[in-house]
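The file entry_18.cif comes next; it holds mmCIF, C-alpha atoms.
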data_my_file
#
loop_
_atom_site.label_atom_id
_atom_site.label_comp_id
_atom_site.auth_asym_id
_atom_site.auth_seq_id
_atom_site.Cartn_x
_atom_site.Cartn_y
_atom_site.Cartn_z
CA MET A 1 -37.87 64.12 192.28
CA PRO A 2 -36.78 64.97 188.80
CA THR A 3 -37.68 62.37 186.26
CA THR A 4 -35.32 60.94 183.72
CA LEU A 5 -36.26 61.17 180.08
CA ARG A 6 -37.78 58.15 178.32
CA TRP A 7 -36.06 56.07 175.67
CA LEU A 8 -37.26 56.65 172.14
CA PRO A 9 -36.57 54.60 169.02
CA GLN A 10 -33.38 55.34 167.06
CA GLY A 11 -33.47 58.76 165.50
CA ARG A 12 -35.45 60.25 168.40
CA SER A 13 -33.90 62.03 171.34
CA GLY A 14 -35.98 61.75 174.48
CA GLN A 15 -35.78 60.48 178.03
CA ASP A 16 -34.10 57.23 179.09
CA SER A 17 -36.44 54.40 180.09
CA ARG A 18 -34.07 51.44 179.78
CA LEU A 19 -32.19 52.30 182.95
CA THR A 20 -31.91 50.61 186.31
CA SER A 21 -33.21 52.38 189.39
CA ALA A 22 -29.64 53.18 190.47
CA GLU A 23 -28.87 54.66 187.03
CA ARG A 24 -32.01 56.82 187.09
CA GLN A 25 -31.14 58.06 190.58
CA ALA A 26 -27.58 58.95 189.49
CA ILE A 27 -28.96 60.94 186.54
CA GLU A 28 -31.54 62.64 188.77
CA ARG A 29 -28.90 63.67 191.32
CA ARG A 30 -26.66 65.00 188.55
CA SER A 31 -29.42 66.98 186.83
CA VAL A 32 -30.57 68.61 190.10
CA SER A 33 -26.97 69.40 191.02
CA VAL A 34 -26.29 71.07 187.66
CA ALA A 35 -29.58 73.03 187.81
CA SER A 36 -28.97 74.11 191.41
CA ALA A 37 -25.46 75.37 190.58
CA PHE A 38 -26.82 77.24 187.53
CA PHE A 39 -29.45 79.11 189.55
CA SER A 40 -27.18 79.70 192.57
CA ALA A 41 -24.69 81.42 190.25
CA GLN A 42 -27.50 83.82 189.26
CA GLY A 43 -28.14 84.78 192.89
CA TRP A 44 -31.14 82.53 193.56
CA LYS A 45 -31.60 80.75 196.88
CA VAL A 46 -32.26 77.17 195.76
CA GLN A 47 -34.47 74.77 197.71
CA ASN A 48 -34.88 71.14 196.56
CA VAL A 49 -38.60 70.36 197.07
CA GLY A 50 -38.84 67.34 194.75
CA THR A 51 -39.77 64.89 197.51
CA ARG A 52 -42.85 66.88 198.57
CA GLU A 53 -43.95 68.93 195.54
CA PRO A 54 -44.79 68.07 191.91
CA PHE A 55 -41.80 70.20 190.84
CA ASP A 56 -38.15 69.95 191.79
CA LEU A 57 -36.69 73.29 192.81
CA LEU A 58 -38.19 76.33 194.49
CA LEU A 59 -36.06 79.41 193.86
CA LYS A 60 -36.18 82.66 195.83
CA ARG A 61 -34.44 85.94 195.09
CA GLY A 62 -35.83 88.92 196.94
CA ASN A 63 -39.58 88.96 196.24
CA GLU A 64 -39.21 86.71 193.18
CA ARG A 65 -40.19 83.03 193.21
CA LEU A 66 -39.51 80.48 190.49
CA HIS A 67 -40.93 76.92 190.37
CA VAL A 68 -38.55 74.69 188.41
CA GLU A 69 -39.12 71.27 186.86
CA VAL A 70 -35.82 69.46 186.21
CA LYS A 71 -35.39 66.68 183.65
CA GLY A 72 -32.15 64.75 183.19
CA THR A 73 -31.10 62.50 180.32
CA THR A 74 -28.16 60.85 178.61
CA SER A 75 -29.82 61.66 175.25
CA ALA A 76 -30.09 64.99 173.40
CA GLY A 77 -33.21 65.80 175.46
CA HIS A 78 -35.65 66.62 172.67
CA ASP A 79 -38.63 65.04 174.50
CA ALA A 80 -39.50 64.94 178.19
CA ILE A 81 -42.03 62.87 180.11
CA LEU A 82 -44.28 65.02 182.29
CA THR A 83 -46.85 63.83 184.77
CA ARG A 84 -50.32 65.32 184.86
CA ALA A 85 -49.49 66.95 188.22
CA GLU A 86 -46.31 68.50 186.79
CA VAL A 87 -48.23 70.02 183.87
CA GLU A 88 -51.05 71.32 186.09
CA LYS A 89 -48.69 72.90 188.63
CA GLN A 90 -46.44 74.48 186.02
CA ARG A 91 -49.46 75.97 184.22
CA LYS A 92 -50.65 77.36 187.56
CA TYR A 93 -47.26 78.94 188.32
CA TYR A 94 -46.70 80.45 184.85
CA PRO A 95 -44.89 82.85 184.33
CA ALA A 96 -42.97 82.21 187.57
CA ASN A 97 -41.78 78.81 186.36
CA ALA A 98 -39.06 77.07 184.40
CA LEU A 99 -38.21 73.82 182.67
CA VAL A 100 -34.58 72.77 182.97
CA VAL A 101 -33.35 69.90 180.82
CA VAL A 102 -29.86 68.65 181.59
CA HIS A 103 -29.06 66.54 178.54
CA SER A 104 -26.08 64.58 177.26
CA ILE A 105 -25.21 63.37 180.78
CA HIS A 106 -22.46 60.75 180.80
CA LEU A 107 -23.33 57.62 182.77
CA ASP A 108 -20.38 55.50 183.96
CA ARG A 109 -21.48 51.95 184.79
CA ALA A 110 -17.96 50.55 185.39
CA GLY A 111 -18.01 50.65 189.20
CA ASP A 112 -20.29 49.14 191.81
CA ALA A 113 -22.67 52.10 191.57
CA PRO A 114 -23.36 54.14 188.42
CA VAL A 115 -21.90 57.64 188.33
CA ALA A 116 -23.42 60.47 186.28
CA THR A 117 -21.20 63.34 185.15
CA GLY A 118 -21.26 66.19 182.66
CA GLY A 119 -24.41 67.30 180.93
CA THR A 120 -25.55 70.41 179.12
CA LEU A 121 -28.21 72.60 180.71
CA HIS A 122 -31.07 74.12 178.73
CA CYS A 123 -33.49 76.40 180.61
CA THR A 124 -36.89 77.61 179.41
CA SER A 125 -38.35 80.38 181.57
CA PRO A 126 -41.05 81.44 181.66
CA TRP A 127 -42.34 78.05 180.58
CA LYS A 128 -45.73 78.19 178.89
CA ILE A 129 -46.98 74.66 178.24
CA ALA A 130 -48.97 74.63 175.01
CA ASP A 131 -51.46 71.81 174.41
CA GLU A 132 -50.01 71.18 170.93
CA GLU A 133 -46.62 70.41 172.51
CA LEU A 134 -48.09 67.62 174.68
CA SER A 135 -48.66 64.03 173.51
CA VAL A 136 -50.73 61.42 175.31
CA ILE A 137 -48.52 58.41 176.05
CA SER A 138 -50.81 56.41 178.34
CA TYR A 139 -54.41 56.12 179.48
CA ALA A 140 -56.13 54.63 182.50
CA TYR A 141 -58.88 52.29 181.32
CA ARG A 142 -61.69 51.18 183.61
CA THR A 143 -62.51 47.55 182.87
CA ALA A 144 -65.96 46.03 183.03
CA LEU A 145 -65.17 44.98 186.59
CA GLY A 146 -64.67 48.61 187.53
CA ARG A 147 -67.87 49.76 185.78
CA ASP A 148 -70.25 47.02 186.87
CA GLU A 149 -71.30 47.68 190.46
CA GLY A 150 -72.97 44.26 190.61
CA ALA A 151 -69.83 42.38 189.56
CA GLU A 152 -68.13 40.30 192.19
CA VAL A 153 -64.53 41.40 192.52
CA GLN A 154 -61.93 39.39 194.37
CA SER A 155 -59.29 41.41 196.19
CA SER A 156 -55.59 40.69 195.80
CA LEU A 157 -55.46 39.81 199.47
CA GLU A 158 -58.19 37.18 199.01
CA VAL A 159 -56.26 35.68 196.09
CA LEU A 160 -53.16 35.40 198.24
CA LYS A 161 -55.05 33.85 201.16
CA LYS A 162 -57.49 31.52 199.38
CA GLY A 163 -56.31 31.26 195.79
CA PRO A 164 -58.12 32.59 192.70
CA ARG A 165 -61.79 31.98 192.07
CA LEU A 166 -63.95 32.89 189.11
CA ALA A 167 -66.60 35.58 189.47
CA SER A 168 -69.55 33.96 187.70
CA PRO A 169 -70.97 30.44 188.11
CA ALA A 170 -71.07 30.11 184.31
CA LEU A 171 -67.34 30.74 184.11
CA GLN A 172 -66.72 28.37 187.01
CA SER A 173 -68.57 25.54 185.30
CA SER A 174 -66.78 26.12 181.98
CA ALA A 175 -63.42 26.18 183.80
CA VAL A 176 -64.24 22.89 185.54
CA ALA A 177 -65.25 21.30 182.22
CA GLN A 178 -61.83 22.08 180.70
#

With the file now loaded, output its structure as structure tokens.
Amino acid sequence: MPTTLRWLPQGRSGQDSRLTSAERQAIERRSVSVASAFFSAQGWKVQNVGTREPFDLLLKRGNERLHVEVKGTTSAGHDAILTRAEVEKQRKYYPANALVVVHSIHLDRAGDAPVATGGTLHCTSPWKIADEELSVISYAYRTALGRDEGAEVQSSLEVLKKGPRLASPALQSSAVAQ
């Protein structure tokens, strides 16, 4: 699926993160629709593969193939959130790849379901992802529980069934004393 752009502080123009699920889906449908129409008009056979691949559209025209990542946003689209898998796949497919940003999408929230319309398409192809253009926005951190093989870890299922318990007797006694 295409991803919507994250919200950035005022003065920045990136992806929308303060959206409901229904709003994100409306923007995603609109951005894929605009991108598909753009490539179809150029003679490409467009296949939406976003539910099974780490990119959104697979284009075919004769012997040519193009792997397209689509990003949609209500903002100006200056920044896009990419997953690690998206970056790795697009680097693998270079130069037979593209980044399409459909920006300035209008989102109408007046009805029961949000409706996305409009948008301006910007296409970069081939899309060479340079390290200096990427910024780390999150990390996975392994806690002491994950590093210490001897630590007693209580599963979420155990917590639901039996209630929480503390891992070490020292902690248990200090919790009882409180």

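Applied to the file shown here, the PyMOL selection byres ((chain A and resi 114) around 12) selects Leu19, Thr20, Ser21, Ala22, Glu23, Arg24, Gln25, Ala26, Ile27, Glu28, Arg29, Arg30, His106, Leu107, Asp108, Arg109, Ala110, Gly111, Asp112, Ala113, Val115, Ala116 and Thr117 of chain A.
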
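When all atoms listed in the file are used to compute distances to Ser138 (chain A), the closest of the residues A:Gln90, A:Thr83, A:Asn63, A:Ser33 turns out to be A:Thr83.
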
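When only C-alpha atoms are used to measure the gap to Pro95 (chain A), the shortest distance among A:Ser75, A:Ser125, A:Thr120, A:Gln47 belongs to A:Ser125.
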
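The space between CA of Leu134 (chain A) and CA of Ala96 (chain A) spans 20.1 Å.
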
(message) For a test of reading the model, state the distance in Å between CA of Gly118 (chain A) and CA of Ala85 (chain A), rounded to one decimal.
(response) 28.8 Å

(request) Kindly give the distance, in Å, that separates CA of Leu121 (chain A) and CA of Asp56 (chain A), rounded to a single decimal. (result) 15.1 Å
